[in-house]
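Have a look at coords04.cif below; it lists mmCIF, C-alpha atoms.
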data_upload
loop_
_atom_site.label_atom_id
_atom_site.label_comp_id
_atom_site.auth_asym_id
_atom_site.auth_seq_id
_atom_site.Cartn_x
_atom_site.Cartn_y
_atom_site.Cartn_z
CA MET A 1076 -63.68 50.25 4.53
CA LEU A 1077 -59.93 49.95 5.15
CA GLU A 1078 -58.24 52.95 6.74
CA PRO A 1079 -55.61 54.70 4.59
CA ASP A 1080 -51.91 54.47 5.43
CA ILE A 1081 -50.99 58.15 5.91
CA ARG A 1082 -48.13 59.87 7.72
CA ILE A 1083 -46.50 63.29 8.01
CA ASP A 1084 -42.75 63.38 7.54
CA ASP A 1085 -40.38 64.76 10.17
CA ASP A 1086 -39.28 67.76 8.10
CA MET A 1087 -42.88 68.96 7.78
CA LEU A 1088 -43.52 68.49 11.47
CA SER A 1089 -40.35 70.37 12.43
CA ARG A 1090 -41.37 73.35 10.29
CA CYS A 1091 -45.11 73.17 11.04
CA PRO A 1092 -45.71 71.42 14.40
CA GLU A 1093 -49.46 72.12 14.11
CA CYS A 1094 -49.85 70.48 10.70
CA ARG A 1095 -52.41 67.69 10.62
CA LEU A 1096 -54.45 65.78 8.07
CA GLY A 1097 -58.09 65.02 8.58
CA TRP A 1098 -59.19 62.11 6.41
CA LEU A 1099 -62.46 60.53 5.31
CA CYS A 1100 -62.76 57.28 3.34
CA TYR A 1101 -66.12 56.39 1.86
CA GLU A 1102 -67.94 55.00 -1.14
CA ALA A 1103 -69.92 57.37 -3.34
CA GLN A 1104 -71.00 57.80 -6.95
CA PRO A 1105 -69.92 61.21 -8.27
CA VAL A 1106 -72.81 62.62 -10.29
CA GLU A 1107 -73.98 66.07 -11.32
CA SER A 1108 -74.94 68.02 -8.21
CA GLY A 1109 -78.65 68.62 -7.79
CA GLU A 1110 -80.92 70.87 -5.77
CA ALA A 1111 -79.77 69.63 -2.37
CA VAL A 1112 -76.17 70.69 -2.96
CA TRP A 1113 -76.88 74.04 -4.61
CA SER A 1114 -79.57 74.94 -2.09
CA ARG A 1115 -76.92 74.64 0.61
CA PHE A 1116 -74.64 76.94 -1.38
CA ALA A 1117 -77.48 79.41 -1.95
CA LEU A 1118 -78.19 79.65 1.78
CA PHE A 1119 -74.54 80.05 2.72
CA LEU A 1120 -72.93 82.21 0.04
CA PRO A 1121 -74.67 85.61 0.62
CA GLY A 1122 -73.50 85.74 4.24
CA LEU A 1123 -70.02 84.57 3.25
CA LYS A 1124 -69.74 87.24 0.54
CA ALA A 1125 -70.71 89.95 3.04
CA ARG A 1126 -68.14 88.65 5.49
CA LEU A 1127 -65.41 88.55 2.84
CA GLU A 1128 -66.11 92.16 1.86
CA ALA A 1129 -65.54 93.22 5.48
CA THR A 1130 -62.71 90.88 6.47
CA PRO A 1131 -59.12 90.62 5.19
CA LEU A 1132 -58.54 87.17 3.72
CA ALA A 1133 -55.67 86.50 6.12
CA ASP A 1134 -58.15 86.91 9.01
CA MET A 1135 -60.59 84.29 7.73
CA PRO A 1136 -60.70 81.19 9.96
CA ASN A 1137 -57.90 78.70 9.26
CA LEU A 1138 -56.70 80.51 6.14
CA GLY A 1139 -54.11 82.63 7.91
CA GLU A 1140 -52.69 79.51 9.55
CA SER A 1141 -52.39 77.80 6.17
CA ARG A 1142 -50.62 80.81 4.68
CA ARG A 1143 -48.14 80.76 7.58
CA GLY A 1144 -47.62 77.04 7.00
CA TYR A 1145 -46.66 77.75 3.39
CA LYS A 1146 -44.17 80.40 4.51
CA ALA A 1147 -42.63 77.98 7.02
CA CYS A 1148 -42.10 75.51 4.18
CA GLY A 1149 -40.50 78.18 1.97
CA LYS A 1150 -43.43 78.69 -0.43
CA ASP A 1151 -44.91 82.12 -1.14
CA PRO A 1152 -48.67 81.91 -0.35
CA GLY A 1153 -49.26 85.14 -2.27
CA ARG A 1154 -48.10 83.52 -5.49
CA TRP A 1155 -49.23 79.96 -4.78
CA ARG A 1156 -52.59 80.33 -3.10
CA VAL A 1157 -54.23 77.78 -0.85
CA SER A 1158 -57.33 76.46 -2.64
CA SER A 1159 -59.70 77.85 0.00
CA GLU A 1160 -58.31 81.34 -0.65
CA ALA A 1161 -58.84 80.90 -4.38
CA LEU A 1162 -62.47 79.95 -3.68
CA TYR A 1163 -62.94 82.92 -1.35
CA ARG A 1164 -61.64 85.26 -4.03
CA ARG A 1165 -64.16 83.90 -6.55
CA VAL A 1166 -66.99 84.45 -4.09
CA ARG A 1167 -65.82 87.98 -3.20
CA GLN A 1168 -65.58 88.87 -6.92
CA GLY A 1169 -69.09 87.53 -7.59
CA LYS A 1170 -67.87 84.79 -9.93
CA ASP A 1171 -69.74 81.53 -10.30
CA LEU A 1172 -68.31 78.51 -8.53
CA TYR A 1173 -67.16 75.51 -10.52
CA ARG A 1174 -69.71 72.73 -10.98
CA ILE A 1175 -67.94 69.39 -11.29
CA ASN A 1176 -69.74 66.56 -9.48
CA THR A 1177 -71.26 65.91 -6.07
CA VAL A 1178 -67.99 64.88 -4.42
CA VAL A 1179 -65.93 67.81 -5.72
CA ASP A 1180 -68.72 70.34 -5.21
CA VAL A 1181 -69.27 69.27 -1.59
CA ASN A 1182 -65.48 69.26 -1.14
CA ASN A 1183 -65.51 72.95 -2.15
CA LEU A 1184 -68.55 73.72 0.01
CA ILE A 1185 -66.76 72.42 3.10
CA SER A 1186 -63.67 74.43 2.18
CA LEU A 1187 -65.74 77.61 1.97
CA GLU A 1188 -67.50 76.91 5.26
CA THR A 1189 -64.30 76.13 7.17
CA GLY A 1190 -61.41 77.94 5.46
CA PHE A 1191 -59.46 74.70 5.12
CA SER A 1192 -58.10 73.34 1.85
CA LEU A 1193 -59.60 69.96 1.00
CA GLY A 1194 -58.61 67.40 -1.61
CA SER A 1195 -60.67 64.44 -2.78
CA TYR A 1196 -58.96 61.50 -4.49
CA ASP A 1197 -59.86 58.25 -6.22
CA ARG A 1198 -58.39 55.62 -3.89
CA ASP A 1199 -58.02 53.14 -6.74
CA ARG A 1200 -55.55 55.51 -8.42
CA LEU A 1201 -53.38 55.94 -5.32
CA GLU A 1202 -50.43 53.65 -4.67
CA GLY A 1203 -49.16 52.56 -1.26
CA THR A 1204 -48.39 54.84 1.68
CA LEU A 1205 -49.43 58.50 1.57
CA VAL A 1206 -47.01 61.08 2.98
CA LEU A 1207 -47.43 64.78 3.66
CA ARG A 1208 -44.04 66.37 2.89
CA ARG A 1209 -42.39 69.35 1.22
CA GLY A 1210 -41.96 69.37 -2.51
CA ARG A 1211 -38.47 68.67 -3.80
CA ASN A 1212 -36.30 70.69 -6.15
CA GLY A 1213 -37.78 70.56 -9.65
CA GLU A 1214 -40.84 68.55 -8.59
CA SER A 1215 -44.09 69.27 -10.45
CA TYR A 1216 -47.18 67.60 -11.88
CA PRO A 1217 -50.04 68.41 -14.27
CA GLY A 1218 -52.67 70.09 -12.10
CA ILE A 1219 -56.43 69.98 -12.51
CA GLY A 1220 -57.16 72.80 -14.93
CA LYS A 1221 -53.47 73.78 -14.99
CA ASP A 1222 -50.54 72.90 -17.26
CA ALA A 1223 -48.13 72.30 -14.38
CA VAL A 1224 -47.89 73.03 -10.67
CA ASP A 1225 -44.48 74.01 -9.28
CA LEU A 1226 -44.25 71.88 -6.13
CA GLU A 1227 -40.81 72.87 -4.84
CA ASN A 1228 -41.12 73.70 -1.10
CA MET A 1229 -44.90 73.31 -1.24
CA PRO A 1230 -46.68 71.11 1.32
CA LEU A 1231 -47.84 68.16 -0.76
CA LEU A 1232 -49.28 64.67 -0.64
CA ALA A 1233 -47.22 61.91 -2.22
CA ASP A 1234 -47.76 58.19 -2.65
CA ASP A 1235 -45.37 55.48 -3.82
CA ALA A 1236 -45.65 56.79 -7.40
CA GLY A 1237 -44.82 60.41 -6.48
CA ALA A 1238 -46.60 63.67 -5.74
CA VAL A 1239 -50.35 63.47 -6.22
CA GLY A 1240 -51.95 66.39 -4.37
CA SER A 1241 -51.42 69.66 -2.53
CA PRO A 1242 -53.45 72.33 -0.70
CA THR A 1243 -53.08 74.53 -3.80
CA SER A 1244 -54.03 72.23 -6.69
CA ASP A 1245 -54.26 68.48 -7.05
CA SER A 1246 -52.75 66.28 -9.74
CA THR A 1247 -54.96 64.92 -12.50
CA ARG A 1248 -53.69 61.41 -11.71
CA ALA A 1249 -56.06 60.60 -8.85
CA MET A 1250 -58.78 63.19 -9.38
CA VAL A 1251 -62.38 62.10 -8.80
CA ARG A 1252 -64.01 61.04 -12.05
CA PRO A 1253 -67.57 59.86 -12.84
CA GLU A 1254 -66.39 56.25 -12.62
CA SER A 1255 -64.70 56.72 -9.21
CA ARG A 1256 -66.35 54.88 -6.33
CA ARG A 1257 -63.84 54.60 -3.48
CA ILE A 1258 -63.00 58.11 -2.33
CA LEU A 1259 -60.42 59.58 0.04
CA THR A 1260 -60.99 63.19 1.13
CA LEU A 1261 -58.23 65.01 3.02
CA ILE A 1262 -58.44 68.21 5.05
CA TYR A 1263 -55.05 69.97 5.05
CA SER A 1264 -54.74 71.69 8.42
CA PHE A 1265 -52.16 74.00 9.99
CA SER A 1266 -54.60 74.97 12.76
CA PRO A 1267 -55.23 73.69 16.30
CA ARG A 1268 -56.74 70.21 16.50
CA ALA A 1269 -60.11 71.50 17.73
CA GLU A 1270 -60.59 73.45 14.49
CA LEU A 1271 -59.85 70.37 12.41
CA GLU A 1272 -62.20 68.25 14.52
CA ARG A 1273 -65.06 70.67 13.82
CA ALA A 1274 -64.31 70.61 10.10
CA LEU A 1275 -64.13 66.82 10.09
CA ASP A 1276 -67.52 66.58 11.79
CA LEU A 1277 -69.03 68.92 9.20
CA ALA A 1278 -67.43 66.98 6.35
CA ARG A 1279 -68.75 63.68 7.63
CA THR A 1280 -72.28 65.09 7.82
CA LEU A 1281 -72.27 66.78 4.42
CA PHE A 1282 -70.71 63.93 2.47
CA VAL A 1283 -73.33 61.54 3.82
CA GLU A 1284 -76.25 63.94 3.31
CA LEU A 1285 -75.27 65.42 -0.05
CA THR A 1286 -73.28 62.71 -1.85
CA GLY A 1287 -74.91 59.60 -0.37
CA ALA A 1288 -71.54 58.48 1.03
CA GLU A 1289 -71.62 54.97 2.51
CA ASN A 1290 -69.27 52.97 4.75
CA LEU A 1291 -67.61 56.21 5.84
CA VAL A 1292 -64.69 56.11 8.26
CA CYS A 1293 -62.56 59.08 9.28
CA GLY A 1294 -59.70 60.16 11.49
CA ILE A 1295 -56.81 62.57 12.07
CA VAL A 1296 -53.10 62.13 11.35
CA GLU A 1297 -50.78 64.28 13.49
CA LYS A 1298 -47.48 64.37 15.34
CA ARG A 1299 -47.12 61.51 17.77
CA ALA A 1300 -46.73 62.44 21.43
#
Output the file's structure as structure tokens, nothing else.
Amino acid sequence: MLEPDIRIDDDMLSRCPECRLGWLCYEAQPVESGEAVWSRFALFLPGLKARLEATPLADMPNLGESRRGYKACGKDPGRWRVSSEALYRRVRQGKDLYRINTVVDVNNLISLETGFSLGSYDRDRLEGTLVLRRGRNGESYPGIGKDAVDLENMPLLADDAGAVGSPTSDSTRAMVRPESRRILTLIYSFSPRAELERALDLARTLFVELTGAENLVCGIVEKRA
């Protein structure tokens, strides 16, 4: 499995020196999630719901750091929520979680367990180098389940064809579909490296155990010393 070509641009690093991307590349067949996936959710969610009822969202691990990263980029995290916060709010309100496929469902499970925003992408629909940067004036794309996502000043992932993902909502262009096989999962981090390393270890374990991921390679992109 070839490693992805990913970098973080200088403007992002100047505003958010702690920003990093954890990445995992693997092969998997996205199918309807079965008992193994939802049993893991069933064991985890009651304790998480109790914790959310007693803890301000901004104090949840890694979520406060992501909100501060948005502010540093000039984006209001109260209006444009990080995807992990959106998931936490669903859990706290007692709403059912989305059921999409094994890759996306495990993606969301890891987000709930770590507080990080994750995005999973079909590598065959990505073009060239991937860059984490701020959204430009007037930039937007059709989001998954949304008409359009206003990307101006938002931390986002772009490839040679333009913006394709963000910690709030990904584009439909490279979303994981039933026919996808080569997957790239990113962990958007504004936290210390040790926190990202723990999340990456968990992600590697769960994608192998719960999606049958094969040929998995992973790593971290960060500011060069």
(request) Could you tell me how far CA of Arg1156 in chain A lies from CA of Cys1094 in chain A, in Å and to one decimal? (result)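 Calculated distance between CA of Arg1156 in chain A and CA of Cys1094 in chain A is 17.2 Å.
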(request) For the point (-61.3, 84.2, -1.7) in the file's frame, write as a list of chain:residue names all residues with an atom no more than 10 Å away, counting all atoms listed in the file. (result)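 Protein, DNA and RNA residues close to (-61.3, 84.2, -1.7): A:Lys1124, A:Leu1127, A:Glu1128, A:Pro1131, A:Leu1132, A:Ala1133, A:Met1135, A:Leu1138, A:Arg1156, A:Val1157, A:Ser1158, A:Ser1159, A:Glu1160, A:Ala1161, A:Leu1162, A:Tyr1163, A:Arg1164, A:Arg1165, A:Val1166, A:Arg1167, A:Gln1168, A:Leu1187, A:Gly1190.
Applied to this file, the PyMOL selection byres ((chain A and resi 1223) around 12) selects Gly1213, Glu1214, Ser1215, Tyr1216, Pro1217, Gly1218, Ile1219, Gly1220, Lys1221, Asp1222, Val1224, Asp1225, Leu1226, Thr1243, Ser1244, Asp1245, Ser1246 and Thr1247 of chain A.
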(request) List, as a PyMOL selection string, every residue that the PyMOL selection byres ((chain A and resi 1227) around 12) selects in the file provided. (result) chain A and resi 1145+1148-1151+1155+1208-1216+1224-1226+1228-1231+1238+1241
(request) Determine the nearest neighbour of Val1112 in chain A from the options A:Leu1096, A:Ala1288, A:Leu1172, A:Leu1184, counting only C-alpha atoms. (result) A:Leu1184
(message) Could you list, as a PyMOL selection string, every residue matched by the PyMOL selection byres ((chain A and resi 1199-1203) around 9) in this structure?
(response) chain A and resi 1079-1080+1196-1198+1204-1205+1234-1237+1239+1248-1250+1255-1258
(request) Quote the spacing between CA of Glu1254 in chain A and CA of Val1178 in chain A in Å to one decimal place. (result)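 Atom-to-atom, CA of Glu1254 in chain A and CA of Val1178 in chain A are spaced 12.0 Å apart.
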(message) For a quick check of your reading of the model, name the residues lying within 6 Å of the coordinate (-53.7, 76.5, 9.5), counting all atoms listed in the file, and write them as a PyMOL selection string.
(response) chain A and resi 1137+1140-1141+1264-1266
(request) Counting all atoms listed in the file, figure out which residue out of A:Pro1136, A:Gly1294, A:Gly1169, A:Pro1092 gets nearest to Leu1261 in chain A. (result) A:Gly1294
(request) Report the distance between CA of Glu1102 in chain A and CA of Leu1271 in chain A in Å, rounded to one decimal place. (result) 22.0 Å
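Minimum atom-to-atom distances from A:Ala1233, A:Leu1099, A:Lys1146, A:Glu1107 to Thr1280 in chain A were compared using all atoms listed in the file, and the lowest value belongs to A:Leu1099.
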(request) Have a look at A:Arg1090, A:Arg1154, A:Arg1252, A:Lys1170 and name the one nearest to Ala1103 in chain A; count only C-alpha atoms. (result) A:Arg1252
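With only C-alpha atoms as the atoms that count, the residue of A:Asp1084, A:Gly1144, A:Thr1177, A:Val1206 with the shortest distance to Glu1110 in chain A is A:Thr1177.
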(message) Taking only C-alpha atoms into account, name the residue in A:Ile1083, A:Leu1120, A:Arg1095, A:Gln1104 that is nearest to Glu1270 in chain A.
(response)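 Distance minimum relative to Glu1270 in chain A lands on A:Arg1095.
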Mind completing range 1173-1184 of chain A with all heavy atoms? Output as a CSV table (one decimal), in the frame of the given file, please?
chain,number,residue,atom,x,y,z
A,1173,TYR,N,-67.2,76.6,-9.6
A,1173,TYR,CA,-67.2,75.5,-10.5
A,1173,TYR,C,-68.2,74.5,-10.2
A,1173,TYR,O,-68.5,74.2,-9.0
A,1173,TYR,CB,-65.8,74.9,-10.4
A,1173,TYR,CG,-64.7,75.9,-10.7
A,1173,TYR,CD1,-63.8,76.3,-9.6
A,1173,TYR,CD2,-64.4,76.4,-12.0
A,1173,TYR,CE1,-62.8,77.2,-9.8
A,1173,TYR,CE2,-63.4,77.3,-12.2
A,1173,TYR,CZ,-62.6,77.7,-11.1
A,1173,TYR,OH,-61.6,78.6,-11.3
A,1174,ARG,N,-68.8,73.8,-11.2
A,1174,ARG,CA,-69.7,72.7,-11.0
A,1174,ARG,C,-69.1,71.5,-11.6
A,1174,ARG,O,-69.0,71.4,-12.9
A,1174,ARG,CB,-71.1,73.0,-11.6
A,1174,ARG,CG,-71.7,74.3,-10.9
A,1174,ARG,CD,-73.2,74.4,-11.3
A,1174,ARG,NE,-73.8,75.6,-10.7
A,1174,ARG,CZ,-75.1,75.6,-10.4
A,1174,ARG,NH1,-75.9,74.7,-10.7
A,1174,ARG,NH2,-75.6,76.7,-9.8
A,1175,ILE,N,-68.7,70.6,-10.8
A,1175,ILE,CA,-67.9,69.4,-11.3
A,1175,ILE,C,-68.8,68.1,-11.1
A,1175,ILE,O,-69.2,67.5,-12.0
A,1175,ILE,CB,-66.6,69.2,-10.6
A,1175,ILE,CG1,-65.8,70.6,-10.7
A,1175,ILE,CG2,-65.8,68.1,-11.3
A,1175,ILE,CD1,-65.5,71.1,-12.0
A,1176,ASN,N,-68.9,67.7,-9.8
A,1176,ASN,CA,-69.7,66.6,-9.5
A,1176,ASN,C,-70.0,66.7,-8.0
A,1176,ASN,O,-69.5,67.5,-7.3
A,1176,ASN,CB,-69.1,65.2,-9.9
A,1176,ASN,CG,-67.7,65.0,-9.2
A,1176,ASN,OD1,-67.6,65.1,-8.0
A,1176,ASN,ND2,-66.7,64.7,-10.1
A,1177,THR,N,-70.8,65.8,-7.5
A,1177,THR,CA,-71.3,65.9,-6.1
A,1177,THR,C,-70.1,65.9,-5.1
A,1177,THR,O,-70.0,66.7,-4.2
A,1177,THR,CB,-72.2,64.8,-5.7
A,1177,THR,OG1,-71.7,63.5,-6.2
A,1177,THR,CG2,-73.6,65.0,-6.3
A,1178,VAL,N,-69.1,65.0,-5.3
A,1178,VAL,CA,-68.0,64.9,-4.4
A,1178,VAL,C,-67.2,66.2,-4.4
A,1178,VAL,O,-66.8,66.7,-3.4
A,1178,VAL,CB,-67.1,63.6,-4.7
A,1178,VAL,CG1,-65.8,63.7,-3.9
A,1178,VAL,CG2,-67.9,62.4,-4.5
A,1179,VAL,N,-66.8,66.6,-5.6
A,1179,VAL,CA,-65.9,67.8,-5.7
A,1179,VAL,C,-66.7,69.1,-5.3
A,1179,VAL,O,-66.1,69.9,-4.6
A,1179,VAL,CB,-65.4,68.0,-7.1
A,1179,VAL,CG1,-64.6,69.3,-7.3
A,1179,VAL,CG2,-64.6,66.8,-7.6
A,1180,ASP,N,-67.9,69.2,-5.6
A,1180,ASP,CA,-68.7,70.3,-5.2
A,1180,ASP,C,-68.9,70.4,-3.7
A,1180,ASP,O,-68.8,71.5,-3.1
A,1180,ASP,CB,-70.1,70.3,-5.9
A,1180,ASP,CG,-70.0,70.5,-7.4
A,1180,ASP,OD1,-68.9,70.9,-7.9
A,1180,ASP,OD2,-71.0,70.1,-8.1
A,1181,VAL,N,-69.2,69.3,-3.0
A,1181,VAL,CA,-69.3,69.3,-1.6
A,1181,VAL,C,-67.9,69.5,-1.0
A,1181,VAL,O,-67.8,70.2,0.1
A,1181,VAL,CB,-69.9,68.0,-1.1
A,1181,VAL,CG1,-69.9,67.8,0.4
A,1181,VAL,CG2,-71.4,67.9,-1.6
A,1182,ASN,N,-66.9,69.0,-1.6
A,1182,ASN,CA,-65.5,69.3,-1.1
A,1182,ASN,C,-65.3,70.8,-1.1
A,1182,ASN,O,-64.8,71.3,0.0
A,1182,ASN,CB,-64.5,68.6,-2.2
A,1182,ASN,CG,-63.1,68.8,-1.9
A,1182,ASN,OD1,-62.4,67.9,-1.5
A,1182,ASN,ND2,-62.5,70.0,-2.1
A,1183,ASN,N,-65.7,71.5,-2.1
A,1183,ASN,CA,-65.5,73.0,-2.2
A,1183,ASN,C,-66.4,73.7,-1.2
A,1183,ASN,O,-66.1,74.7,-0.6
A,1183,ASN,CB,-65.8,73.5,-3.6
A,1183,ASN,CG,-64.7,73.0,-4.5
A,1183,ASN,OD1,-63.6,72.7,-4.1
A,1183,ASN,ND2,-65.0,73.0,-5.8
A,1184,LEU,N,-67.6,73.1,-1.0
A,1184,LEU,CA,-68.6,73.7,0.0
A,1184,LEU,C,-68.0,73.7,1.4
A,1184,LEU,O,-68.0,74.7,2.1
A,1184,LEU,CB,-69.9,73.0,0.0
A,1184,LEU,CG,-70.9,73.3,1.1
A,1184,LEU,CD1,-71.4,74.8,0.9
A,1184,LEU,CD2,-72.1,72.4,1.0
